[in-house]
Structures are given as structure tokens and as C-alpha cells.
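Participant: Take a look at this one; I'll ask things after.
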Amino acid sequence: MAVRPVLTWGDPRLKLNSAEVGDWTPELEALVADLFETSYAEEGLGIAAPQVGVNLNIAVIDVSCGEDPALRTVLINPEIIREEGTQSGPEGCLSIARIHEVLERPQKVWVKNRRRDGSWEELVGEDLLARAYCHEIDHLRGRLFVEYFGPVKRQVLKRKWDKSRRD
Ligand SMILES: [Zn+2]
């Protein structure tokens, strides 16, 4: 297991659409282990493969940040099939470290997800978990959470982020 370098806001590779995962391989299992390791090292709640430069539909989530192994979730070719309600709360991203901004998300989502063996399961997440599902699945479509904001607000966040990297 290894912590991999995380691509940051502005890197064109974060804007790519990721590819569907085919057969599960030892390389993919190693990638998943590295993703968890990287997320924990950065004290994140999850990370998507494109953030470490691998454009595949894989992401990991652990809203306990390593405290509860039962909460480790691996998303493979995930797709949101239903959403309900709205929630408003701060969101952040390992590719835009230290920037947190309030963003509206569904309160509850249903996700069609592939298991490693190729079968499908349905995951349901509420509150923070629903937010994490939306956030990571956005990464697989080449979308960062700051892109939900208008150009002016995005500029402000960009300046704040640039400054935080210099300090
Ligand atoms: Zn992110």
C-alpha cells in the first residue's frame, strides 16, 4: 500500500471522463488499497481514481476516516439512480485542500454499484454519505465541486486556495 500523489485543481486530467471498469484484477485491488491509504493520509472522507491520475470509474469512501472498517465503500462503475430531498453543508476536496464551501446536494441518494465479482448492488446513502457519493461520482465525470459555483465565486475560491498554498 502506498500514498499516491494527488492531482490538484487546474490539472486537465481531473476534467476527463473516466472509463468503465472491466474485469477485476490484482492491479485494481492495489489501486483501491492505495486510494484508501491516500485518503486517510490526507484526512479525507474519500477519493476517486482520477485524482491520482487513473481514469477509471473507481472511487473509495469512508466517512469514518479510517475509524470503522465497516464503513469502507468501494465504488465501481457507480451511477446515481435516484435522489431525494436536499441538504446544505460545507464540502471539500483533496484536490483543493483546505477550501470548504457550502454546497447544496441531495439529502438521500441511491447508487447502482458494481461489486468486484461483476455483480451489482444498490447502495443507499443519506446526509454526509449521500454528499460523498455525489462528490466522488462527479469526479468520475470530470467534475470538481467548485464547478457548481459561478465564475466570480470560483475566482474568489481560487485566490483563497492559491494563497493557502503559499502560506
Ligand atoms: Zn474531491
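Chain identifiers are assigned as A, B, and so on, following the order in which chains appear in the C-alpha cells; residues are numbered from 1 within each chain, and ligands are numbered from 1 in order of appearance.
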Write out as a ChimeraX atom specification all residues of stretch 2-159 of chain A that backbone DSSP assigns to helix (DSSP H, G or I).

Facilitator: /A:12-15,26-41,49-52,69-71,94-96,127-140,145-148,151-159

Participant: Go through chain A residue by residue and, counting only C-alpha atoms and all ligand atoms, keep those with an atom at most 8 Å from ligand 1; for each kept residue give the shortest atom pair and its distance in Å to one decimal, ordered by chain and increasing number, as JSON lines.

Facilitator:
```
{"residue": "A:Gly46", "atom": "CA", "partner": "ligand 1", "partner_atom_place_in_ligand_line": "1 (Zn)", "distance": 7.5}
{"residue": "A:Ile47", "atom": "CA", "partner": "ligand 1", "partner_atom_place_in_ligand_line": "1 (Zn)", "distance": 6.1}
{"residue": "A:Ala48", "atom": "CA", "partner": "ligand 1", "partner_atom_place_in_ligand_line": "1 (Zn)", "distance": 7.1}
{"residue": "A:Gln51", "atom": "CA", "partner": "ligand 1", "partner_atom_place_in_ligand_line": "1 (Zn)", "distance": 7.6}
{"residue": "A:Gly92", "atom": "CA", "partner": "ligand 1", "partner_atom_place_in_ligand_line": "1 (Zn)", "distance": 6.7}
{"residue": "A:Cys93", "atom": "CA", "partner": "ligand 1", "partner_atom_place_in_ligand_line": "1 (Zn)", "distance": 3.7}
{"residue": "A:Leu94", "atom": "CA", "partner": "ligand 1", "partner_atom_place_in_ligand_line": "1 (Zn)", "distance": 5.4}
{"residue": "A:Ser95", "atom": "CA", "partner": "ligand 1", "partner_atom_place_in_ligand_line": "1 (Zn)", "distance": 5.9}
{"residue": "A:Ile96", "atom": "CA", "partner": "ligand 1", "partner_atom_place_in_ligand_line": "1 (Zn)", "distance": 7.6}
{"residue": "A:His135", "atom": "CA", "partner": "ligand 1", "partner_atom_place_in_ligand_line": "1 (Zn)", "distance": 6.2}
{"residue": "A:Glu136", "atom": "CA", "partner": "ligand 1", "partner_atom_place_in_ligand_line": "1 (Zn)", "distance": 6.2}
{"residue": "A:His139", "atom": "CA", "partner": "ligand 1", "partner_atom_place_in_ligand_line": "1 (Zn)", "distance": 6.6}
{"residue": "A:Leu144", "atom": "CA", "partner": "ligand 1", "partner_atom_place_in_ligand_line": "1 (Zn)", "distance": 6.5}
{"residue": "A:Phe145", "atom": "CA", "partner": "ligand 1", "partner_atom_place_in_ligand_line": "1 (Zn)", "distance": 7.1}
```

Participant: A:Lys153, A:Lys158, A:Lys15, A:Arg82: which is nearest A:Trp110, counting only C-alpha atoms?

Facilitator: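 The shortest atom-to-atom distance to A:Trp110 comes from A:Arg82.
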
Participant: Using backbone DSSP assignments, extract all strand (DSSP E or B) residues from chain A; output them as number ranges by chain.

Facilitator: A: 19, 46-48, 56, 58-61, 73-76, 79-84, 87-91, 101-105, 108-114, 120-126

Participant: Given only C-alpha atoms as the basis, pick out the residue of A:Ala30, A:Val146, A:Val124, A:Leu35 nearest to A:Pro50.

Facilitator: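 When distances to A:Pro50 are compared using only C-alpha atoms, the smallest one comes from A:Leu35.
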
Participant: List every residue of stretch 98-126 of chain A that has an atom at most 9 Å from any atom of stretch 22-27 of chain A, and for each one report the closest atom pair and its distance in Å to one decimal, counting only C-alpha atoms, with rows sorted by chain and then by increasing residue number, as CSV.

Facilitator:
```
residue,atom,partner,partner_atom,distance
A:Arg116,CA,A:Trp24,CA,5.9
A:Asp117,CA,A:Trp24,CA,7.1
A:Gly118,CA,A:Asp23,CA,7.6
```

Participant: Which residue gives the smallest distance to A:Asp162 among A:Arg105, A:Lys112, A:Arg143, A:Arg98, with only C-alpha atoms counted?

Facilitator: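 Distance minimum relative to A:Asp162 lands on A:Arg98.
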
Participant: Could you pull the residues within 12 Å of A:Val32, counting only C-alpha atoms, minus those fewer than 4 positions along the same chain, as an MDAnalysis selection string?

Facilitator: chainID A and resid 1:4 24:28 36:39 46:49 52 54 56:61 72:76 116

Participant: I need the residues from that last selection saved to file as a tab-separated table (two decimals), in the first residue's frame (with N, CA and C atoms), if you can.

Facilitator:
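Output file selection_32.tsv follows:
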```tsv
chain	number	residue	atom	x	y	z
A	1	MET	N	0.84	-1.20	0.00
A	1	MET	CA	0.00	0.00	0.00
A	1	MET	C	0.88	1.25	0.00
A	2	ALA	N	0.42	2.22	-0.72
A	2	ALA	CA	1.21	3.44	-0.81
A	2	ALA	C	0.30	4.65	-0.96
A	3	VAL	N	0.78	5.74	-0.41
A	3	VAL	CA	0.08	7.02	-0.61
A	3	VAL	C	0.52	7.54	-1.98
A	4	ARG	N	-0.46	7.83	-2.83
A	4	ARG	CA	-0.11	8.34	-4.17
A	4	ARG	C	-0.28	9.86	-4.20
A	24	TRP	N	-12.04	-7.47	-12.84
A	24	TRP	CA	-11.30	-7.05	-11.65
A	24	TRP	C	-9.93	-7.73	-11.63
A	25	THR	N	-8.87	-6.99	-11.34
A	25	THR	CA	-7.51	-7.53	-11.39
A	25	THR	C	-6.76	-7.17	-10.11
A	26	PRO	N	-5.64	-7.86	-9.84
A	26	PRO	CA	-4.81	-7.52	-8.67
A	26	PRO	C	-4.34	-6.06	-8.72
A	27	GLU	N	-4.13	-5.54	-9.92
A	27	GLU	CA	-3.70	-4.13	-10.05
A	27	GLU	C	-4.80	-3.20	-9.53
A	28	LEU	N	-6.06	-3.54	-9.84
A	28	LEU	CA	-7.18	-2.71	-9.37
A	28	LEU	C	-7.32	-2.82	-7.85
A	36	PHE	N	-7.49	4.20	-0.46
A	36	PHE	CA	-7.84	4.33	0.97
A	36	PHE	C	-6.66	4.96	1.73
A	37	GLU	N	-5.47	4.45	1.47
A	37	GLU	CA	-4.26	4.94	2.14
A	37	GLU	C	-4.07	6.44	1.90
A	38	THR	N	-4.28	6.84	0.66
A	38	THR	CA	-4.09	8.25	0.29
A	38	THR	C	-5.14	9.13	0.95
A	39	SER	N	-6.39	8.64	0.95
A	39	SER	CA	-7.48	9.40	1.57
A	39	SER	C	-7.22	9.58	3.07
A	46	GLY	N	-12.91	10.44	1.30
A	46	GLY	CA	-12.96	9.62	0.09
A	46	GLY	C	-12.10	10.23	-0.99
A	47	ILE	N	-11.84	9.41	-2.02
A	47	ILE	CA	-11.04	9.89	-3.15
A	47	ILE	C	-11.39	9.04	-4.36
A	48	ALA	N	-11.31	9.67	-5.53
A	48	ALA	CA	-11.62	8.97	-6.77
A	48	ALA	C	-10.33	8.71	-7.55
A	49	ALA	N	-10.33	7.61	-8.31
A	49	ALA	CA	-9.13	7.21	-9.05
A	49	ALA	C	-8.55	8.33	-9.93
A	52	VAL	N	-5.74	10.49	-8.63
A	52	VAL	CA	-4.34	10.03	-8.61
A	52	VAL	C	-3.89	9.69	-10.03
A	54	VAL	N	-5.53	8.07	-12.48
A	54	VAL	CA	-6.02	6.83	-13.10
A	54	VAL	C	-7.47	7.07	-13.53
A	56	LEU	N	-10.26	5.70	-14.34
A	56	LEU	CA	-11.17	4.57	-14.29
A	56	LEU	C	-12.29	4.90	-13.32
A	57	ASN	N	-13.46	4.28	-13.56
A	57	ASN	CA	-14.62	4.52	-12.71
A	57	ASN	C	-14.51	3.80	-11.37
A	58	ILE	N	-13.58	4.25	-10.57
A	58	ILE	CA	-13.36	3.68	-9.23
A	58	ILE	C	-13.17	4.82	-8.23
A	59	ALA	N	-13.82	4.69	-7.09
A	59	ALA	CA	-13.61	5.65	-6.01
A	59	ALA	C	-13.79	4.92	-4.69
A	60	VAL	N	-13.20	5.45	-3.65
A	60	VAL	CA	-13.40	4.88	-2.31
A	60	VAL	C	-13.97	5.96	-1.40
A	61	ILE	N	-14.77	5.50	-0.44
A	61	ILE	CA	-15.38	6.41	0.53
A	61	ILE	C	-15.27	5.77	1.91
A	72	ARG	N	-16.05	1.27	5.05
A	72	ARG	CA	-15.25	1.39	3.82
A	72	ARG	C	-16.08	0.97	2.63
A	73	THR	N	-16.24	1.86	1.69
A	73	THR	CA	-17.03	1.58	0.50
A	73	THR	C	-16.17	1.75	-0.75
A	74	VAL	N	-16.28	0.78	-1.65
A	74	VAL	CA	-15.58	0.88	-2.93
A	74	VAL	C	-16.62	1.05	-4.03
A	75	LEU	N	-16.54	2.15	-4.73
A	75	LEU	CA	-17.44	2.40	-5.85
A	75	LEU	C	-16.78	1.95	-7.14
A	76	ILE	N	-17.51	1.14	-7.91
A	76	ILE	CA	-17.01	0.66	-9.20
A	76	ILE	C	-18.12	0.89	-10.22
A	116	ARG	N	-16.84	-6.21	-6.94
A	116	ARG	CA	-15.61	-6.70	-7.59
A	116	ARG	C	-15.89	-7.90	-8.49
```

Participant: Looking at A:Gly10, A:Gly44, A:Gly53, A:Gly142, which one is nearest to A:Leu31, with distances taken over only C-alpha atoms?

Facilitator: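 When distances to A:Leu31 are compared using only C-alpha atoms, the smallest one comes from A:Gly53.
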